[in-house]
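Pasted below: entry38.cif, mmCIF, C-alpha atoms.
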```cif
data_my_file
#
loop_
_atom_site.group_PDB
_atom_site.id
_atom_site.type_symbol
_atom_site.label_atom_id
_atom_site.label_comp_id
_atom_site.auth_asym_id
_atom_site.auth_seq_id
_atom_site.Cartn_x
_atom_site.Cartn_y
_atom_site.Cartn_z
ATOM 1 C CA MET G 16 43.406 66.694 162.158
ATOM 2 C CA ARG G 17 44.834 68.634 165.108
ATOM 3 C CA LYS G 18 41.615 68.349 167.149
ATOM 4 C CA PRO G 19 41.784 64.524 167.501
ATOM 5 C CA ILE G 20 45.412 64.757 168.670
ATOM 6 C CA ALA G 21 44.533 67.472 171.185
ATOM 7 C CA ILE G 22 41.591 65.406 172.487
ATOM 8 C CA CYS G 23 43.802 62.329 172.853
ATOM 9 C CA LEU G 24 46.421 64.329 174.753
ATOM 10 C CA LEU G 25 43.741 65.817 177.004
ATOM 11 C CA LEU G 26 42.228 62.402 177.743
ATOM 12 C CA SER G 27 45.682 60.993 178.423
ATOM 13 C CA ALA G 28 46.442 63.810 180.875
ATOM 14 C CA LEU G 29 43.097 63.354 182.657
ATOM 15 C CA THR G 30 43.676 59.603 182.938
ATOM 16 C CA THR G 31 47.110 60.207 184.442
ATOM 17 C CA ILE G 32 45.744 62.721 186.935
ATOM 18 C CA GLY G 33 42.934 60.342 187.911
ATOM 19 C CA ALA G 34 45.401 57.485 188.454
ATOM 20 C CA ALA G 35 47.451 59.295 191.116
ATOM 21 C CA PRO G 36 45.193 58.734 194.180
ATOM 22 C CA PRO G 37 45.105 54.896 193.930
ATOM 23 C CA ALA G 38 48.908 54.853 193.847
ATOM 24 C CA ALA G 39 48.993 56.891 197.056
ATOM 25 C CA LYS G 40 46.428 54.540 198.603
ATOM 26 C CA LYS G 41 48.504 51.514 197.566
ATOM 27 C CA ALA G 42 51.622 53.005 199.184
ATOM 28 C CA LYS G 43 49.618 53.533 202.390
ATOM 29 C CA GLN G 44 48.427 49.913 202.350
ATOM 30 C CA GLU G 45 51.974 48.625 201.908
ATOM 31 C CA ARG G 46 53.129 50.589 204.959
ATOM 32 C CA ILE G 47 50.392 49.154 207.226
ATOM 33 C CA SER G 48 48.980 45.628 207.039
ATOM 34 C CA ILE G 49 45.901 44.882 209.190
ATOM 35 C CA THR G 50 44.839 41.336 210.126
ATOM 36 C CA THR G 51 42.160 40.114 212.548
ATOM 37 C CA ARG G 52 41.684 36.863 214.439
ATOM 38 C CA VAL G 53 39.089 35.434 216.801
ATOM 39 C CA ASP G 54 39.944 32.685 219.283
ATOM 40 C CA ARG G 55 36.800 30.697 218.374
ATOM 41 C CA THR G 56 35.006 29.982 215.135
ATOM 42 C CA ALA G 57 31.616 30.022 216.876
ATOM 43 C CA LEU G 58 30.357 31.153 220.254
ATOM 44 C CA TRP G 59 27.339 30.754 222.474
ATOM 45 C CA VAL G 60 25.160 33.699 223.422
ATOM 46 C CA GLY G 61 26.779 35.404 226.432
ATOM 47 C CA ASP G 62 30.259 33.885 225.914
ATOM 48 C CA THR G 63 33.276 36.169 226.125
ATOM 49 C CA PHE G 64 35.804 35.678 223.346
ATOM 50 C CA ARG G 65 39.102 37.218 222.278
ATOM 51 C CA TYR G 66 39.295 39.343 219.130
ATOM 52 C CA THR G 67 42.827 40.322 218.123
ATOM 53 C CA VAL G 68 43.711 43.054 215.630
ATOM 54 C CA ARG G 69 47.322 43.113 214.409
ATOM 55 C CA ALA G 70 48.796 46.064 212.530
ATOM 56 C CA LEU G 71 52.183 45.272 211.015
ATOM 57 C CA HIS G 72 53.722 48.568 209.968
ATOM 58 C CA ASP G 73 56.831 50.472 208.961
ATOM 59 C CA PRO G 74 58.895 51.941 211.813
ATOM 60 C CA GLU G 75 58.114 55.544 210.789
ATOM 61 C CA ILE G 76 54.404 54.984 211.627
ATOM 62 C CA GLU G 77 53.279 56.072 215.110
ATOM 63 C CA PHE G 78 49.837 54.866 216.256
ATOM 64 C CA VAL G 79 47.591 56.945 218.517
ATOM 65 C CA TRP G 80 46.213 54.961 221.467
ATOM 66 C CA ASP G 81 44.133 57.683 223.152
ATOM 67 C CA ASN G 82 40.868 56.592 221.540
ATOM 68 C CA LEU G 83 41.405 52.875 222.250
ATOM 69 C CA LYS G 84 39.259 52.635 225.372
ATOM 70 C CA LYS G 85 36.383 50.236 225.841
ATOM 71 C CA GLU G 86 34.048 53.176 226.482
ATOM 72 C CA ASN G 87 34.926 54.725 223.100
ATOM 73 C CA LEU G 88 34.489 51.644 220.896
ATOM 74 C CA ASN G 89 30.992 51.065 219.545
ATOM 75 C CA LEU G 90 31.034 47.514 218.218
ATOM 76 C CA ALA G 91 27.303 46.755 218.526
ATOM 77 C CA PRO G 92 25.902 44.090 218.738
ATOM 78 C CA PHE G 93 29.011 43.242 220.759
ATOM 79 C CA VAL G 94 29.882 44.554 224.208
ATOM 80 C CA VAL G 95 33.570 45.354 224.878
ATOM 81 C CA ARG G 96 34.431 43.740 228.239
ATOM 82 C CA ASP G 97 38.121 44.621 228.259
ATOM 83 C CA LEU G 98 40.980 45.492 225.940
ATOM 84 C CA SER G 99 44.736 45.599 225.905
ATOM 85 C CA VAL G 100 47.205 47.251 223.554
ATOM 86 C CA ARG G 101 50.837 46.400 223.025
ATOM 87 C CA GLN G 102 53.432 47.495 220.533
ATOM 88 C CA GLY G 103 56.902 46.242 219.823
ATOM 89 C CA PRO G 104 59.481 45.433 217.179
ATOM 90 C CA PHE G 105 58.846 42.804 214.533
ATOM 91 C CA GLY G 106 61.361 41.140 212.212
ATOM 92 C CA GLY G 107 62.287 42.636 208.867
ATOM 93 C CA ASN G 108 62.492 46.276 210.021
ATOM 94 C CA LYS G 109 58.791 46.361 210.951
ATOM 95 C CA LYS G 110 56.824 47.130 214.101
ATOM 96 C CA LEU G 111 53.710 45.428 215.417
ATOM 97 C CA LEU G 112 50.687 46.963 217.133
ATOM 98 C CA GLU G 113 48.395 44.370 218.691
ATOM 99 C CA VAL G 114 44.979 45.282 220.082
ATOM 100 C CA THR G 115 43.192 42.502 221.971
ATOM 101 C CA LEU G 116 39.489 42.989 222.656
ATOM 102 C CA PHE G 117 37.403 40.772 224.916
ATOM 103 C CA LEU G 118 33.895 40.809 223.465
ATOM 104 C CA THR G 119 30.523 39.272 224.254
ATOM 105 C CA THR G 120 27.057 39.448 222.737
ATOM 106 C CA TYR G 121 23.529 38.735 223.895
ATOM 107 C CA GLU G 122 21.993 38.584 220.416
ATOM 108 C CA SER G 123 20.012 35.475 219.580
ATOM 109 C CA GLY G 124 18.060 34.190 216.629
ATOM 110 C CA GLN G 125 20.938 34.534 214.166
ATOM 111 C CA THR G 126 23.549 32.050 213.048
ATOM 112 C CA GLU G 127 26.207 34.633 212.265
ATOM 113 C CA LEU G 128 27.179 38.085 213.483
ATOM 114 C CA ARG G 129 29.671 40.588 212.125
ATOM 115 C CA ILE G 130 32.145 42.480 214.296
ATOM 116 C CA PRO G 131 31.920 45.946 212.756
ATOM 117 C CA SER G 132 34.803 47.840 211.248
ATOM 118 C CA PHE G 133 36.528 50.549 213.272
ATOM 119 C CA ASN G 134 39.470 52.869 212.686
ATOM 120 C CA LEU G 135 42.959 52.930 214.115
ATOM 121 C CA TYR G 136 44.675 56.320 213.876
ATOM 122 C CA TYR G 137 48.326 57.047 213.149
ATOM 123 C CA PHE G 138 50.877 59.697 212.244
ATOM 124 C CA PRO G 139 53.884 59.258 209.997
ATOM 125 C CA ARG G 140 56.800 59.754 212.428
ATOM 126 C CA ASN G 141 58.153 62.874 210.676
ATOM 127 C CA ARG G 142 54.715 64.523 211.134
ATOM 128 C CA ALA G 143 54.342 63.173 214.683
ATOM 129 C CA GLN G 144 57.386 65.204 215.672
ATOM 130 C CA GLU G 145 55.651 68.362 214.440
ATOM 131 C CA LYS G 146 52.908 69.951 216.496
ATOM 132 C CA ALA G 147 50.424 67.094 216.885
ATOM 133 C CA GLN G 148 47.517 69.458 217.559
ATOM 134 C CA ASP G 149 47.987 71.082 214.135
ATOM 135 C CA THR G 150 48.111 67.848 212.136
ATOM 136 C CA PRO G 151 45.141 65.454 212.112
ATOM 137 C CA ALA G 152 45.816 61.741 212.546
ATOM 138 C CA GLU G 153 45.223 59.529 209.529
ATOM 139 C CA PRO G 154 42.786 56.593 209.832
ATOM 140 C CA VAL G 155 43.311 53.010 208.753
ATOM 141 C CA ALA G 156 40.229 50.770 208.803
ATOM 142 C CA VAL G 157 40.064 47.435 210.598
ATOM 143 C CA PRO G 158 37.917 45.202 208.380
ATOM 144 C CA PRO G 159 34.696 43.647 209.709
ATOM 145 C CA THR G 160 34.936 40.025 210.901
ATOM 146 C CA LYS G 161 32.262 37.306 210.883
ATOM 147 C CA VAL G 162 31.597 35.140 213.932
ATOM 148 C CA GLY G 163 29.283 32.119 214.090
ATOM 149 C CA LEU G 164 26.621 32.318 216.808
ATOM 150 C CA ARG G 165 25.059 29.337 218.600
ATOM 151 C CA SER G 166 22.060 29.341 220.897
ATOM 152 C CA THR G 167 20.559 26.841 223.349
ATOM 153 C CA LEU G 168 17.050 27.828 222.194
ATOM 154 C CA ALA G 169 15.162 25.334 220.034
ATOM 155 C CA GLY G 170 14.422 26.258 216.411
ATOM 156 C CA GLU G 171 10.749 27.239 216.936
ATOM 157 C CA ALA G 172 11.526 29.128 220.136
ATOM 158 C CA LEU G 173 13.739 31.501 218.146
ATOM 159 C CA ARG G 174 10.669 32.854 216.337
#
```
Can the structure from this file be put into structure tokens for me?
Amino acid sequence: MRKPIAICLLLSALTTIGAAPPAAKKAKQERISITTRVDRTALWVGDTFRYTVRALHDPEIEFVWDNLKKENLNLAPFVVRDLSVRQGPFGGNKKLLEVTLFLTTYESGQTELRIPSFNLYYFPRNRAQEKAQDTPAEPVAVPPTKVGLRSTLAGEALR
């Protein structure tokens, strides 16, 4: 009779231990909210368009901008023409990081393309004040975004 109770207690403990990481992940997601926006729903091959990534975050989060250079971002099949980064206060005791990318593509033969995911890196402010070289930055993923693609080529010419 004692074995079933011991097994139940063991399973309960293992379930509790296994449940801890999602709670930590949920807390991380609540501290940083990522949204994306494109200035057009569809584009022509060769057009330049604006892709904006907004990270609404708690004030104790400090983003790292060093890696946000057009030479460092691999967003194939898109080419990064230019980018700008700005950060400032936002209502409700939040801060806003806004990354604006100017992208173009020369792909044809498809009706839809996906802007690939990439990471933004940050430090919690209490850790940012420590030696930054000793503490690795934590990543937060920007989700992929679909863009409609139009071409001037006729249907048979695409093949």
Target residues per the PyMOL selection byres ((chain G and resi 117) around 10), formatted as a PyMOL selection string
chain G and resi 53+62-67+85+93-99+115-116+118-119
Could you spell out the hits of the PyMOL selection byres ((chain G and resi 71-74) around 12) on the shown file, as a PDB file with C-alpha atoms, in the coordinates of the input?
```
ATOM      1  CA  ALA G  42      51.622  53.005 199.184  1.00  0.00           C
ATOM      2  CA  LYS G  43      49.618  53.533 202.390  1.00  0.00           C
ATOM      3  CA  GLN G  44      48.427  49.913 202.350  1.00  0.00           C
ATOM      4  CA  GLU G  45      51.974  48.625 201.908  1.00  0.00           C
ATOM      5  CA  ARG G  46      53.129  50.589 204.959  1.00  0.00           C
ATOM      6  CA  ILE G  47      50.392  49.154 207.226  1.00  0.00           C
ATOM      7  CA  SER G  48      48.980  45.628 207.039  1.00  0.00           C
ATOM      8  CA  ILE G  49      45.901  44.882 209.190  1.00  0.00           C
ATOM      9  CA  THR G  50      44.839  41.336 210.126  1.00  0.00           C
ATOM     10  CA  THR G  51      42.160  40.114 212.548  1.00  0.00           C
ATOM     11  CA  VAL G  68      43.711  43.054 215.630  1.00  0.00           C
ATOM     12  CA  ARG G  69      47.322  43.113 214.409  1.00  0.00           C
ATOM     13  CA  ALA G  70      48.796  46.064 212.530  1.00  0.00           C
ATOM     14  CA  GLU G  75      58.114  55.544 210.789  1.00  0.00           C
ATOM     15  CA  ILE G  76      54.404  54.984 211.627  1.00  0.00           C
ATOM     16  CA  GLU G  77      53.279  56.072 215.110  1.00  0.00           C
ATOM     17  CA  PHE G  78      49.837  54.866 216.256  1.00  0.00           C
ATOM     18  CA  GLN G 102      53.432  47.495 220.533  1.00  0.00           C
ATOM     19  CA  GLY G 103      56.902  46.242 219.823  1.00  0.00           C
ATOM     20  CA  PRO G 104      59.481  45.433 217.179  1.00  0.00           C
ATOM     21  CA  PHE G 105      58.846  42.804 214.533  1.00  0.00           C
ATOM     22  CA  GLY G 106      61.361  41.140 212.212  1.00  0.00           C
ATOM     23  CA  GLY G 107      62.287  42.636 208.867  1.00  0.00           C
ATOM     24  CA  ASN G 108      62.492  46.276 210.021  1.00  0.00           C
ATOM     25  CA  LYS G 109      58.791  46.361 210.951  1.00  0.00           C
ATOM     26  CA  LYS G 110      56.824  47.130 214.101  1.00  0.00           C
ATOM     27  CA  LEU G 111      53.710  45.428 215.417  1.00  0.00           C
ATOM     28  CA  LEU G 112      50.687  46.963 217.133  1.00  0.00           C
ATOM     29  CA  GLU G 113      48.395  44.370 218.691  1.00  0.00           C
ATOM     30  CA  VAL G 114      44.979  45.282 220.082  1.00  0.00           C
ATOM     31  CA  TYR G 137      48.326  57.047 213.149  1.00  0.00           C
ATOM     32  CA  PHE G 138      50.877  59.697 212.244  1.00  0.00           C
ATOM     33  CA  PRO G 139      53.884  59.258 209.997  1.00  0.00           C
ATOM     34  CA  ARG G 140      56.800  59.754 212.428  1.00  0.00           C
ATOM     35  CA  ASN G 141      58.153  62.874 210.676  1.00  0.00           C
ATOM     36  CA  VAL G 155      43.311  53.010 208.753  1.00  0.00           C
TER      37      VAL G 155
END
```
Minimum-distance residue to Val79 in chain G, chosen among G:Thr56, G:Ser123, G:Glu153, G:Pro92 (using all atoms listed in the file):
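Among the listed residues, G:Glu153 lies closest to Val79 in chain G.
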Find the distance between CA of Ser132 in chain G and CA of Ala57 in chain G and write it in Å to one decimal.
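One can read the CA of Ser132 in chain G to CA of Ala57 in chain G distance as 19.0 Å.
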What's the separation between CA of Trp80 in chain G and CA of Asp54 in chain G, in Å to one decimal place?
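Those two atoms sit 23.2 Å apart.
Minimum atom-to-atom distance to Ser166 in chain G, evaluated using all atoms listed in the file, belongs to G:Tyr121 out of G:Pro151, G:Arg101, G:Arg129, G:Tyr121.
Reported to one decimal place, the separation of CA of Glu122 in chain G from CA of Leu90 in chain G is 12.9 Å.
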Residues matched by the PyMOL selection byres ((chain G and resi 161) around 7) as number ranges by chain:
G: 127-130, 159-160, 162-163
